[in-house]
>>> print(open('model.cif').read())   # mmCIF, C-alpha atoms
data_run
loop_
_atom_site.label_atom_id
_atom_site.label_comp_id
_atom_site.auth_asym_id
_atom_site.auth_seq_id
_atom_site.Cartn_x
_atom_site.Cartn_y
_atom_site.Cartn_z
CA MET A 1 -28.73 8.04 -62.52
CA ILE A 2 -28.50 4.66 -60.77
CA ILE A 3 -28.63 1.26 -62.42
CA VAL A 4 -28.75 -2.04 -60.55
CA LYS A 5 -27.90 -5.02 -62.74
CA ASP A 6 -28.62 -8.68 -61.89
CA LEU A 7 -28.07 -8.09 -58.20
CA SER A 8 -28.12 -11.07 -55.84
CA VAL A 9 -27.30 -11.11 -52.16
CA GLU A 10 -26.48 -14.20 -50.17
CA ARG A 11 -25.85 -14.27 -46.43
CA LEU A 12 -24.72 -17.31 -44.46
CA ASN A 13 -25.30 -19.46 -47.59
CA LYS A 14 -28.91 -18.30 -47.75
CA LYS A 15 -30.21 -16.40 -50.75
CA ILE A 16 -31.89 -13.18 -49.67
CA PHE A 17 -32.87 -12.16 -53.20
CA GLU A 18 -31.56 -12.74 -56.71
CA ASN A 19 -31.44 -11.11 -60.12
CA ILE A 20 -32.77 -7.73 -59.15
CA ASN A 21 -32.69 -5.18 -61.94
CA LEU A 22 -33.48 -1.57 -61.31
CA SER A 23 -32.98 1.70 -63.11
CA VAL A 24 -33.71 5.06 -61.55
CA VAL A 25 -33.52 8.29 -63.51
CA SER A 26 -34.33 11.87 -62.52
CA GLY A 27 -37.99 12.33 -61.63
CA ASN A 28 -38.59 8.63 -60.91
CA ILE A 29 -40.15 7.09 -57.84
CA THR A 30 -39.29 3.43 -57.33
CA ILE A 31 -40.95 1.29 -54.70
CA LEU A 32 -39.38 -1.86 -53.26
CA LYS A 33 -42.29 -4.03 -52.19
CA GLY A 34 -42.33 -7.21 -50.21
CA ARG A 35 -43.48 -8.84 -47.02
CA ASN A 36 -41.51 -8.52 -43.78
CA GLY A 37 -38.11 -10.19 -44.08
CA SER A 38 -38.17 -10.33 -47.88
CA GLY A 39 -34.89 -8.40 -48.17
CA LYS A 40 -35.98 -4.78 -48.79
CA THR A 41 -33.55 -3.34 -46.24
CA THR A 42 -30.79 -5.65 -47.50
CA LEU A 43 -31.33 -4.39 -51.06
CA ILE A 44 -31.17 -0.79 -49.82
CA LYS A 45 -27.94 -1.57 -47.94
CA ALA A 46 -26.50 -3.16 -51.09
CA ILE A 47 -27.40 -0.06 -53.11
CA LEU A 48 -25.71 2.07 -50.44
CA ASN A 49 -22.59 -0.12 -50.74
CA ILE A 50 -22.88 -1.25 -47.12
CA ILE A 51 -23.39 -4.90 -48.07
CA GLU A 52 -21.29 -6.66 -50.68
CA PRO A 53 -23.57 -8.34 -53.28
CA SER A 54 -22.71 -11.93 -54.19
CA VAL A 55 -23.50 -11.33 -57.89
CA GLY A 56 -24.29 -8.26 -59.96
CA SER A 57 -23.19 -4.67 -60.17
CA ILE A 58 -24.44 -1.18 -59.42
CA TYR A 59 -23.68 1.87 -61.55
CA TRP A 60 -23.92 5.50 -60.55
CA LYS A 61 -23.91 8.12 -63.32
CA GLY A 62 -22.47 5.58 -65.76
CA LYS A 63 -19.58 4.47 -63.56
CA LEU A 64 -19.31 1.52 -61.20
CA LEU A 65 -20.70 2.66 -57.87
CA LYS A 66 -17.56 1.62 -55.99
CA LYS A 67 -15.45 3.85 -58.22
CA ASN A 68 -17.85 6.75 -57.88
CA LEU A 69 -18.76 6.33 -54.23
CA TYR A 70 -17.85 9.80 -52.99
CA ASP A 71 -20.04 11.47 -55.63
CA PHE A 72 -22.86 9.00 -54.87
CA TYR A 73 -22.76 9.75 -51.15
CA ASN A 74 -22.73 13.46 -51.95
CA ASN A 75 -26.00 13.04 -53.82
CA VAL A 76 -27.94 10.66 -51.62
CA THR A 77 -29.97 11.06 -48.44
CA TYR A 78 -30.77 7.86 -46.61
CA ILE A 79 -33.47 7.56 -44.01
CA ALA A 80 -33.51 4.27 -42.19
CA ASP A 81 -36.48 2.50 -40.67
CA ARG A 82 -35.24 3.63 -37.25
CA THR A 83 -34.83 7.26 -36.26
CA SER A 84 -31.38 8.78 -36.20
CA SER A 85 -32.25 11.94 -34.27
CA LEU A 86 -30.39 12.30 -30.98
CA LYS A 87 -32.94 11.60 -28.27
CA LYS A 88 -31.07 13.37 -25.47
CA LEU A 89 -31.10 16.67 -27.39
CA THR A 90 -33.89 19.08 -28.29
CA LEU A 91 -35.37 19.39 -31.78
CA LYS A 92 -33.55 22.69 -32.18
CA ASP A 93 -30.19 21.10 -31.30
CA ASN A 94 -30.81 18.21 -33.68
CA ILE A 95 -31.68 20.58 -36.52
CA ASN A 96 -28.59 22.71 -35.81
CA ILE A 97 -26.34 19.64 -35.77
CA TRP A 98 -27.79 18.36 -39.06
CA LYS A 99 -27.45 21.79 -40.66
CA LYS A 100 -23.81 22.02 -39.66
CA LEU A 101 -22.85 18.39 -40.25
CA PHE A 102 -24.38 18.29 -43.74
CA LEU A 103 -23.06 21.80 -44.52
CA SER A 104 -26.60 22.81 -45.44
CA ASN A 105 -27.30 26.27 -46.83
CA ILE A 106 -30.98 26.16 -45.89
CA ASN A 107 -32.05 29.25 -43.95
CA ASN A 108 -34.00 29.49 -40.71
CA SER A 109 -37.24 30.68 -42.33
CA GLN A 110 -37.28 27.59 -44.57
CA ILE A 111 -36.79 25.41 -41.50
CA GLU A 112 -39.61 27.23 -39.71
CA ILE A 113 -41.98 26.66 -42.64
CA ALA A 114 -41.03 22.97 -42.76
CA LEU A 115 -41.54 22.61 -39.01
CA LYS A 116 -44.96 24.27 -39.22
CA THR A 117 -45.96 22.04 -42.14
CA LEU A 118 -44.90 18.97 -40.18
CA LYS A 119 -46.67 20.39 -37.10
CA LEU A 120 -43.48 20.15 -35.06
CA ASP A 121 -42.92 23.87 -34.43
CA LYS A 122 -44.38 23.76 -30.90
CA TYR A 123 -41.85 21.09 -29.83
CA LEU A 124 -38.76 23.04 -30.91
CA ASN A 125 -37.28 23.21 -27.41
CA GLN A 126 -38.43 19.78 -26.34
CA LYS A 127 -36.14 16.75 -26.15
CA VAL A 128 -36.63 14.32 -29.04
CA GLY A 129 -36.91 11.42 -26.57
CA ARG A 130 -40.26 12.87 -25.41
CA LEU A 131 -41.82 12.92 -28.88
CA SER A 132 -44.11 10.17 -30.12
CA LEU A 133 -42.87 7.64 -32.69
CA GLY A 134 -44.76 9.36 -35.52
CA GLU A 135 -43.44 12.81 -34.56
CA THR A 136 -39.85 11.48 -34.41
CA LYS A 137 -40.36 9.98 -37.85
CA LYS A 138 -41.60 13.33 -39.18
CA LEU A 139 -38.57 15.05 -37.68
CA GLU A 140 -36.42 12.57 -39.58
CA PHE A 141 -38.00 13.79 -42.83
CA LEU A 142 -36.72 17.26 -42.07
CA ARG A 143 -33.30 15.85 -42.90
CA LEU A 144 -34.47 15.44 -46.52
CA ILE A 145 -34.99 19.18 -46.71
CA ILE A 146 -31.81 20.06 -44.78
CA GLU A 147 -29.54 17.78 -46.83
CA ASN A 148 -31.20 18.90 -50.10
CA LYS A 149 -29.85 16.05 -52.25
CA ASN A 150 -31.08 14.53 -55.52
CA LEU A 151 -31.62 10.92 -54.60
CA TRP A 152 -33.67 9.92 -51.58
CA ILE A 153 -33.43 6.34 -50.33
CA LEU A 154 -36.04 5.68 -47.69
CA ASP A 155 -36.63 2.51 -45.72
CA GLU A 156 -40.28 2.09 -44.72
CA PRO A 157 -40.91 5.86 -44.66
CA LEU A 158 -44.65 5.63 -44.18
CA SER A 159 -44.79 3.34 -41.17
CA ASN A 160 -46.04 4.96 -37.92
CA LEU A 161 -47.42 7.98 -39.80
CA ASP A 162 -51.02 9.20 -39.58
CA ASP A 163 -53.15 9.82 -42.69
CA ASP A 164 -52.38 13.56 -42.80
CA SER A 165 -48.65 12.92 -42.64
CA ILE A 166 -48.84 10.25 -45.36
CA GLU A 167 -50.69 12.76 -47.54
CA LEU A 168 -47.97 15.31 -46.82
CA MET A 169 -45.29 12.80 -47.75
CA LYS A 170 -47.03 12.08 -51.06
CA GLN A 171 -46.98 15.79 -51.82
CA THR A 172 -43.31 16.05 -50.80
CA PHE A 173 -42.43 13.09 -53.06
CA GLU A 174 -44.19 14.73 -56.02
CA ASP A 175 -42.48 18.07 -55.37
CA HIS A 176 -39.06 16.42 -55.17
CA CYS A 177 -39.60 14.52 -58.43
CA GLY A 178 -40.83 17.72 -60.04
CA LYS A 179 -37.42 19.23 -59.23
CA GLU A 180 -35.61 16.42 -61.11
CA GLY A 181 -35.02 14.45 -57.92
CA SER A 182 -35.62 10.73 -57.59
CA ILE A 183 -36.75 8.44 -54.81
CA ILE A 184 -36.29 4.79 -53.93
CA PHE A 185 -38.40 3.67 -51.00
CA SER A 186 -39.44 0.41 -49.46
CA SER A 187 -42.85 -0.56 -48.16
CA HIS A 188 -44.54 -3.77 -47.10
CA GLN A 189 -47.98 -2.35 -47.90
CA ASN A 190 -49.62 -0.46 -50.73
CA PRO A 191 -48.81 3.17 -49.94
CA GLY A 192 -51.18 4.73 -52.48
CA ILE A 193 -48.42 6.84 -53.98
CA TYR A 194 -47.92 7.14 -57.72
CA VAL A 195 -44.74 5.22 -58.53
CA THR A 196 -42.89 4.89 -61.83
CA ASP A 197 -41.33 1.52 -61.07
CA GLU A 198 -42.14 -1.33 -58.73
CA ILE A 199 -39.72 -4.02 -57.58
CA ASN A 200 -41.29 -7.02 -55.89
CA LEU A 201 -39.07 -8.93 -53.51
CA MET B 1 -12.35 23.14 -46.44
CA LYS B 2 -15.64 21.23 -46.59
CA PHE B 3 -13.96 18.21 -45.02
CA LEU B 4 -12.44 20.33 -42.25
CA ASN B 5 -15.88 21.80 -41.54
CA LYS B 6 -17.32 18.28 -41.28
CA ILE B 7 -14.67 17.44 -38.66
CA ILE B 8 -15.34 20.64 -36.71
CA PHE B 9 -19.09 20.02 -36.73
CA PHE B 10 -18.57 16.38 -35.78
CA TYR B 11 -16.95 17.67 -32.57
CA TYR B 12 -19.74 20.21 -32.13
CA ARG B 13 -22.14 17.24 -32.17
CA GLU B 14 -19.98 15.30 -29.70
CA TYR B 15 -19.76 18.36 -27.44
CA LYS B 16 -23.55 18.73 -27.41
CA LEU B 17 -24.02 15.02 -26.71
CA ASN B 18 -21.47 14.98 -23.89
CA LEU B 19 -22.93 18.14 -22.40
CA SER B 20 -26.37 16.56 -22.30
CA GLY B 21 -24.87 13.41 -20.78
CA PHE B 22 -22.65 15.29 -18.34
CA GLN B 23 -23.93 13.18 -15.43
CA ASP B 24 -22.18 10.14 -16.99
CA ILE B 25 -18.82 11.95 -16.92
CA LEU B 26 -19.50 13.13 -13.38
CA THR B 27 -20.40 9.59 -12.27
CA ASN B 28 -17.07 8.33 -13.62
CA ILE B 29 -15.16 10.97 -11.68
CA ILE B 30 -17.17 10.23 -8.50
CA PHE B 31 -16.42 6.50 -8.96
CA PHE B 32 -12.71 7.38 -9.22
CA PHE B 33 -12.65 9.43 -6.00
CA VAL B 34 -14.90 7.08 -4.00
CA SER B 35 -12.60 4.19 -4.97
CA ILE B 36 -9.57 6.18 -3.80
CA LEU B 37 -11.28 6.78 -0.45
CA ILE B 38 -12.09 3.07 -0.14
CA PHE B 39 -8.41 2.26 -0.72
CA ILE B 40 -7.36 4.82 1.91
CA PHE B 41 -9.80 3.41 4.46
CA SER B 42 -8.78 -0.17 3.72
CA ILE B 43 -5.03 0.56 3.99
CA GLY B 44 -5.38 2.52 7.21
CA PRO B 45 -3.78 5.74 8.48
CA ASN B 46 -0.18 4.82 7.56
CA LYS B 47 0.90 7.73 5.33
CA GLU B 48 4.06 6.02 4.11
CA ILE B 49 2.26 2.95 2.75
CA ILE B 50 -0.41 5.13 1.12
CA SER B 51 2.19 7.30 -0.58
CA LEU B 52 4.17 4.17 -1.64
CA VAL B 53 1.22 2.47 -3.37
CA GLY B 54 -0.56 5.73 -4.28
CA VAL B 55 0.66 5.99 -7.88
CA GLY B 56 -0.33 2.38 -8.57
CA ILE B 57 -3.77 2.98 -7.08
CA VAL B 58 -4.30 6.12 -9.18
CA TRP B 59 -3.32 4.35 -12.39
CA THR B 60 -5.44 1.26 -11.66
CA LEU B 61 -8.49 3.37 -10.84
CA LEU B 62 -7.98 5.58 -13.88
CA LEU B 63 -7.98 2.44 -15.99
CA LEU B 64 -11.09 1.00 -14.31
CA SER B 65 -12.97 4.31 -14.42
CA SER B 66 -12.26 4.90 -18.08
CA THR B 67 -13.33 1.30 -18.82
CA LEU B 68 -16.73 2.17 -17.35
CA SER B 69 -17.39 4.60 -20.19
CA LEU B 70 -16.50 2.15 -22.97
CA ARG B 71 -20.05 0.85 -23.35
CA LYS B 72 -21.12 4.24 -24.68
CA PHE B 73 -18.18 4.59 -27.09
CA TYR B 74 -20.07 3.50 -30.23
CA GLN B 75 -23.22 1.85 -28.88
CA ASP B 76 -25.65 4.81 -29.05
CA ASP B 77 -24.52 5.92 -32.50
CA PHE B 78 -24.71 2.34 -33.72
CA GLU B 79 -28.20 1.68 -32.38
CA ASP B 80 -29.80 4.83 -33.77
CA GLY B 81 -28.06 4.47 -37.15
CA ASN B 82 -25.90 7.59 -36.78
CA LEU B 83 -22.71 5.69 -37.58
CA LEU B 84 -24.13 4.86 -40.99
CA ILE B 85 -25.33 8.42 -41.53
CA LEU B 86 -21.89 9.80 -40.64
CA HIS B 87 -20.38 7.31 -43.10
CA LEU B 88 -22.80 8.40 -45.84
CA ASN B 89 -21.79 11.97 -45.07
CA GLY B 90 -18.36 11.18 -46.48
CA LEU B 91 -16.47 9.96 -43.40
CA SER B 92 -14.89 6.52 -43.70
CA PHE B 93 -15.37 4.09 -40.81
CA GLY B 94 -11.66 4.29 -40.01
CA PHE B 95 -11.79 8.07 -39.86
CA ILE B 96 -14.91 7.96 -37.68
CA ALA B 97 -12.90 5.72 -35.32
CA ILE B 98 -10.09 8.33 -35.14
CA LEU B 99 -12.57 11.16 -34.50
CA LYS B 100 -14.40 9.17 -31.83
CA THR B 101 -11.11 8.23 -30.14
CA PHE B 102 -10.14 11.90 -29.77
CA SER B 103 -13.67 12.68 -28.61
CA HIS B 104 -13.33 9.98 -25.91
CA PHE B 105 -9.95 11.42 -24.93
CA PHE B 106 -11.27 15.00 -24.63
CA PHE B 107 -14.59 14.29 -22.94
CA VAL B 108 -13.72 11.27 -20.75
CA GLN B 109 -9.97 11.18 -20.15
CA VAL B 110 -9.20 14.91 -19.83
CA PRO B 111 -11.56 15.29 -16.81
CA PHE B 112 -9.52 12.50 -15.15
CA LEU B 113 -6.30 14.29 -16.05
CA LEU B 114 -7.65 17.38 -14.31
CA SER B 115 -8.62 15.28 -11.26
CA ILE B 116 -5.11 13.84 -10.78
CA PRO B 117 -3.82 16.73 -8.55
CA ILE B 118 -6.70 16.18 -6.10
CA ALA B 119 -6.04 12.42 -6.15
CA CYS B 120 -2.36 13.13 -5.38
CA ILE B 121 -3.33 15.18 -2.31
CA LEU B 122 -5.64 12.41 -1.07
CA LEU B 123 -2.97 9.74 -1.55
CA ASN B 124 -0.08 11.78 -0.18
CA ILE B 125 1.84 11.61 -3.47
CA ALA B 126 4.80 14.01 -3.56
CA ASN B 127 4.40 17.18 -5.64
CA ASP B 128 7.43 16.40 -7.82
CA LYS B 129 5.79 13.11 -8.87
CA LEU B 130 2.61 14.89 -9.98
CA ILE B 131 4.18 16.17 -13.19
CA TYR B 132 5.44 12.66 -14.10
CA LEU B 133 2.06 11.13 -13.30
CA SER B 134 0.27 13.73 -15.44
CA ALA B 135 2.72 13.25 -18.34
CA SER B 136 2.39 9.46 -18.23
CA PHE B 137 -1.40 9.67 -18.01
CA GLY B 138 -1.50 12.24 -20.84
CA ILE B 139 0.03 9.70 -23.21
CA GLY B 140 -1.35 6.59 -21.49
CA SER B 141 -4.95 7.80 -21.60
CA LEU B 142 -4.76 8.31 -25.35
CA ILE B 143 -3.51 4.72 -25.63
CA LEU B 144 -6.45 3.60 -23.48
CA SER B 145 -8.86 5.53 -25.74
CA CYS B 146 -7.42 3.79 -28.82
CA LEU B 147 -7.72 0.38 -27.13
CA GLY B 148 -11.23 1.33 -25.98
CA SER B 149 -12.20 2.18 -29.54
CA ILE B 150 -11.02 -1.24 -30.79
CA SER B 151 -12.72 -3.20 -28.01
CA SER B 152 -15.98 -1.21 -28.23
CA SER B 153 -16.20 -1.69 -31.97
CA MET B 154 -15.61 -5.41 -31.41
CA ASN B 155 -18.39 -5.38 -28.83
CA LEU B 156 -20.85 -4.19 -31.49
CA MET B 157 -20.39 -7.57 -33.16
CA ASN B 158 -20.71 -9.39 -29.86
CA GLN B 159 -23.62 -7.66 -28.16
CA ARG B 160 -24.08 -10.40 -25.58
CA ASN B 161 -20.79 -10.03 -23.71
CA PHE B 162 -19.75 -6.47 -22.92
CA LEU B 163 -17.17 -7.60 -20.36
CA LEU B 164 -15.06 -9.25 -23.06
CA GLY B 165 -14.18 -5.82 -24.47
CA SER B 166 -13.22 -4.53 -21.02
CA VAL B 167 -11.01 -7.59 -20.45
CA ILE B 168 -9.24 -6.97 -23.78
CA VAL B 169 -8.57 -3.34 -22.81
CA MET B 170 -7.19 -4.41 -19.43
CA ILE B 171 -4.87 -7.06 -20.88
CA PHE B 172 -3.43 -4.67 -23.45
CA SER B 173 -3.14 -1.95 -20.81
CA VAL B 174 -0.55 -3.94 -18.84
CA PRO B 175 2.46 -2.55 -20.79
CA VAL B 176 1.01 0.96 -20.45
CA ILE B 177 0.77 0.55 -16.67
CA ILE B 178 4.30 -0.91 -16.43
CA PHE B 179 5.95 1.93 -18.33
CA SER B 180 3.77 4.63 -16.79
CA ILE B 181 4.58 3.54 -13.24
CA GLY B 182 8.22 3.18 -14.33
CA ILE B 183 8.30 6.83 -15.41
CA ILE B 184 7.18 7.94 -11.97
CA ASN B 185 9.41 5.62 -9.92
CA MET B 186 12.57 5.92 -12.07
CA GLU B 187 12.78 9.63 -12.76
CA GLU B 188 16.33 9.34 -14.11
CA SER B 189 15.06 7.19 -17.04
CA PHE B 190 12.14 9.53 -17.74
CA ASN B 191 13.15 10.24 -21.35
CA SER B 192 13.65 6.64 -22.43
CA LEU B 193 10.45 5.40 -20.74
CA ILE B 194 8.30 8.22 -22.11
CA ASN B 195 9.69 7.42 -25.57
CA ILE B 196 8.63 3.77 -25.16
CA LEU B 197 5.17 4.92 -24.04
CA PHE B 198 5.01 7.24 -27.02
CA GLY B 199 6.04 4.33 -29.26
CA ILE B 200 3.18 2.20 -27.89
CA LEU B 201 0.84 5.13 -28.57
CA LEU B 202 1.96 5.32 -32.20
CA ILE B 203 1.45 1.56 -32.66
CA VAL B 204 -2.10 1.50 -31.24
CA PHE B 205 -2.90 4.77 -33.01
CA ALA B 206 -1.92 3.16 -36.32
CA ILE B 207 -3.85 -0.05 -35.65
CA ASN B 208 -6.98 1.66 -34.29
CA PRO B 209 -8.54 3.03 -37.53
CA TRP B 210 -7.99 -0.27 -39.37
CA ALA B 211 -9.26 -2.55 -36.61
CA SER B 212 -12.12 -0.32 -35.40
CA GLY B 213 -13.09 0.68 -38.94
CA LEU B 214 -13.36 -2.95 -40.01
CA CYS B 215 -15.37 -3.92 -36.92
CA LEU B 216 -17.74 -0.96 -37.45
CA LYS B 217 -18.23 -1.91 -41.10
CA LEU B 218 -18.89 -5.57 -40.27
CA SER B 219 -21.29 -4.74 -37.44
CA ILE B 220 -23.32 -2.37 -39.63
CA GLU B 221 -23.30 -4.93 -42.43
CA ASN B 222 -24.66 -7.62 -40.13
CA ASN B 223 -27.10 -5.41 -38.24
#
>>> encode(input="model.cif", output="C-alpha cells")
Amino acid sequence: MIIVKDLSVERLNKKIFENINLSVVSGNITILKGRNGSGKTTLIKAILNIIEPSVGSIYWKGKLLKKNLYDFYNNVTYIADRTSSLKKLTLKDNINIWKKLFLSNINNSQIEIALKTLKLDKYLNQKVGRLSLGETKKLEFLRLIIENKNLWILDEPLSNLDDDSIELMKQTFEDHCGKEGSIIFSSHQNPGIYVTDEINL
Amino acid sequence: MKFLNKIIFFYYREYKLNLSGFQDILTNIIFFFVSILIFIFSIGPNKEIISLVGVGIVWTLLLLSSTLSLRKFYQDDFEDGNLLILHLNGLSFGFIAILKTFSHFFFVQVPFLLSIPIACILLNIANDKLIYLSASFGIGSLILSCLGSISSSMNLMNQRNFLLGSVIVMIFSVPVIIFSIGIINMEESFNSLINILFGILLIVFAINPWASGLCLKLSIENN
C-alpha cells in the first residue's frame, strides 16, 4: 500500500530524523513512537506530502506518491493532534458538513449508532465549543467512520481520552484492520494496542 | 460531478459558519455607518461639502470596514487544521484560495454593497451616482477580496504583525480607489474606466491563487 524508503527530513539545517523505512500493507497497524519533539508529526506531514523530505521517497500503490497524490488523498483520512471540528457549530451541523464535504454515503442510523457508542448522542444539538477536550477528540473520530477510507493516519489519537474511550479505539482499530484497512498512528507512550510494526524516532 | 459537489458543500460550510458568526458581519456594517455619521458630524451641516466628499468617504470606509474582516479570512481554518483537511479532500491550496475569496465577497462585501443606498442617503449623494458607485464597488470589492486573500495568507506566516497585511491591502487598493472614484466623477468616461477596473480585477484574480496558495502551503508546512 504505502512504502517509505530512506526518508530524512531537515529543517533550518537541523536534522529532524533520518533514514526512516516503513511499509504498510492492508490490515497493518504501524505505530510511530518517540518522545515529544522527536519528529512524529513531521514524519506524518512528510507522508501526507505536506513537507518536502530532504532525502528519500514515498510510494503509494507502487507509484511515486507525488505522481499518485489524488488517489492517495482519496484513500486516506488524517486526524491531527488538534481538533478540526468547527467550534461555533453544533455536533449535528459538524456531522452534516463532514457528510456533505466528504461525499459520504453513510446513513443516519449508522451515525446514531456511532454517536451512542462514543456517548456523544446527548450533545447532538450542543455547540462543539462547549464539549470537553476528550469529547471533542471522540467527535473527531467520527470522521473516520464518515469518510470511510482505507488508510487512517492519526497523530496522537489516544491523548486526552479516558480508559473506556481508549478501549473503544482499540476495538475500532482491530475492526478496521479486519476490513483490510490499515493504520499509521503516532504516540509518545505505550498505548497497549497490538501493532504490526513499530518505528522509533 | 464529485468535484462540483465538493465546491457546493464547501459553500454550504461557509454559509453555516458565517450564519453562526453573523454578529461579526453586523459589527462591520455598524462600524461602516457609525463612521459615516462621525464624518457627517465632523464636517458640519453643509450639504454641498458632504455631497462633494461623500463618494470618497463611502469608498474609504468600505475599504477600512472590509479590512476589519481580514483577520478571519484564513486564521480560524488554519488554526483548527481545516485548511489541511480541505486540501486532503482533493482541493489544491490555490483552489481553496479562489473559493475563500468568493466566500469573502459573498458574505462580507455583498452586505456592504446592499448598504450603499442607505449610505448615499446619509451623505446626500445624488441618485444618478448611486448606480456608478454600486458598479464600481461591485468590481472593486472583488479586487479587495483578492488582495485580502493574499495579505491574509501572508499573515499566517507572520503571526506577530497583523497590521502588515492590512497595510499591504491599503497600498494596493490605491489604484482601485482612483479608478472607482473616477467612474463616479467622470460619467462620460464610464466605459473606459470600468474596463481598467475590470483589467485590475483580472490581474489580481490571476495572481491570487498562486500567491495565496503558496503562502498557505508554506504556512502549513512550517506550522
>>> residues_around(input="model.cif", residues="region 18-26 of chain B", least_positions_apart="4", cutoff="10 Å", atoms="all atoms listed in the file", output="list in words")
Lys88, Leu89 and Thr90 of chain A; Tyr12, Arg13, Glu14, Ile30, Phe31, Phe32, Ser65, Ser66, Leu68, Ser69, Lys72, Ser103, His104, Phe107, Val108, Gln109, Pro111 and Phe112 of chain B
>>> residues_around(input="model.cif", residues="region 46-54 of chain B", least_positions_apart="6", cutoff="10 Å", atoms="all atoms listed in the file", output="NGL selection string")
:B and (36 or 39-40 or 60 or 119-126 or 185)
>>> closest_residue(input="model.cif", among="A:Phe173, A:Phe102, A:Trp152, A:Phe185", to="chain B", atoms="only C-alpha atoms")
A:Phe102
>>> residues_around(input="model.cif", residues="Lys87 (chain A)", least_positions_apart="3", cutoff="8 Å", atoms="only C-alpha atoms", output="VMD selection string")
chain A and resid 90 127 to 130
>>> resolve_selection(input="model.cif", expression="the PyMOL selection byres ((chain A and resi 119) around 12)", output="number ranges by chain")
A: 111-118, 120-124, 134-136, 138-139, 142, 164-165, 168
>>> atom_distance(input="model.cif", atom1="CA of Thr196 (chain A)", atom2="CA of Thr30 (chain A)")
5.9 Å
>>> interface_residues(input="model.cif", of="chain A", to="chain B", cutoff="10 Å", atoms="all atoms listed in the file", output="ChimeraX atom specification")
/A:11,42,45-46,48-52,69-90,93-94,96-103,147
>>> decode(input="model.cif", residues="region 57-70 of chain B", atoms="N, CA and C atoms", output="tab-separated table (two decimals), in the first residue's frame")
chain	number	residue	atom	x	y	z
B	57	ILE	N	-15.72	59.39	0.92
B	57	ILE	CA	-15.92	58.86	2.28
B	57	ILE	C	-16.44	57.42	2.21
B	58	VAL	N	-17.44	57.20	1.36
B	58	VAL	CA	-18.03	55.85	1.25
B	58	VAL	C	-16.96	54.84	0.87
B	59	TRP	N	-16.16	55.19	-0.15
B	59	TRP	CA	-15.15	54.24	-0.63
B	59	TRP	C	-14.08	53.98	0.44
B	60	THR	N	-13.64	55.05	1.11
B	60	THR	CA	-12.61	54.88	2.16
B	60	THR	C	-13.14	53.98	3.28
B	61	LEU	N	-14.38	54.24	3.69
B	61	LEU	CA	-14.94	53.45	4.80
B	61	LEU	C	-15.22	52.01	4.38
B	62	LEU	N	-15.61	51.83	3.12
B	62	LEU	CA	-15.81	50.45	2.63
B	62	LEU	C	-14.49	49.69	2.70
B	63	LEU	N	-13.43	50.38	2.32
B	63	LEU	CA	-12.10	49.75	2.35
B	63	LEU	C	-11.71	49.42	3.80
B	64	LEU	N	-11.87	50.39	4.70
B	64	LEU	CA	-11.48	50.16	6.10
B	64	LEU	C	-12.33	49.06	6.74
B	65	SER	N	-13.65	49.10	6.45
B	65	SER	CA	-14.54	48.11	7.07
B	65	SER	C	-14.23	46.71	6.57
B	66	SER	N	-13.95	46.59	5.28
B	66	SER	CA	-13.68	45.23	4.78
B	66	SER	C	-12.31	44.76	5.26
B	67	THR	N	-11.40	45.70	5.57
B	67	THR	CA	-10.10	45.31	6.12
B	67	THR	C	-10.25	44.70	7.52
B	68	LEU	N	-11.29	45.17	8.24
B	68	LEU	CA	-11.53	44.65	9.58
B	68	LEU	C	-11.74	43.14	9.59
B	69	SER	N	-12.35	42.64	8.52
B	69	SER	CA	-12.71	41.22	8.49
B	69	SER	C	-11.58	40.33	7.99
B	70	LEU	N	-10.45	40.95	7.62
B	70	LEU	CA	-9.37	40.15	7.01
B	70	LEU	C	-8.74	39.15	7.97
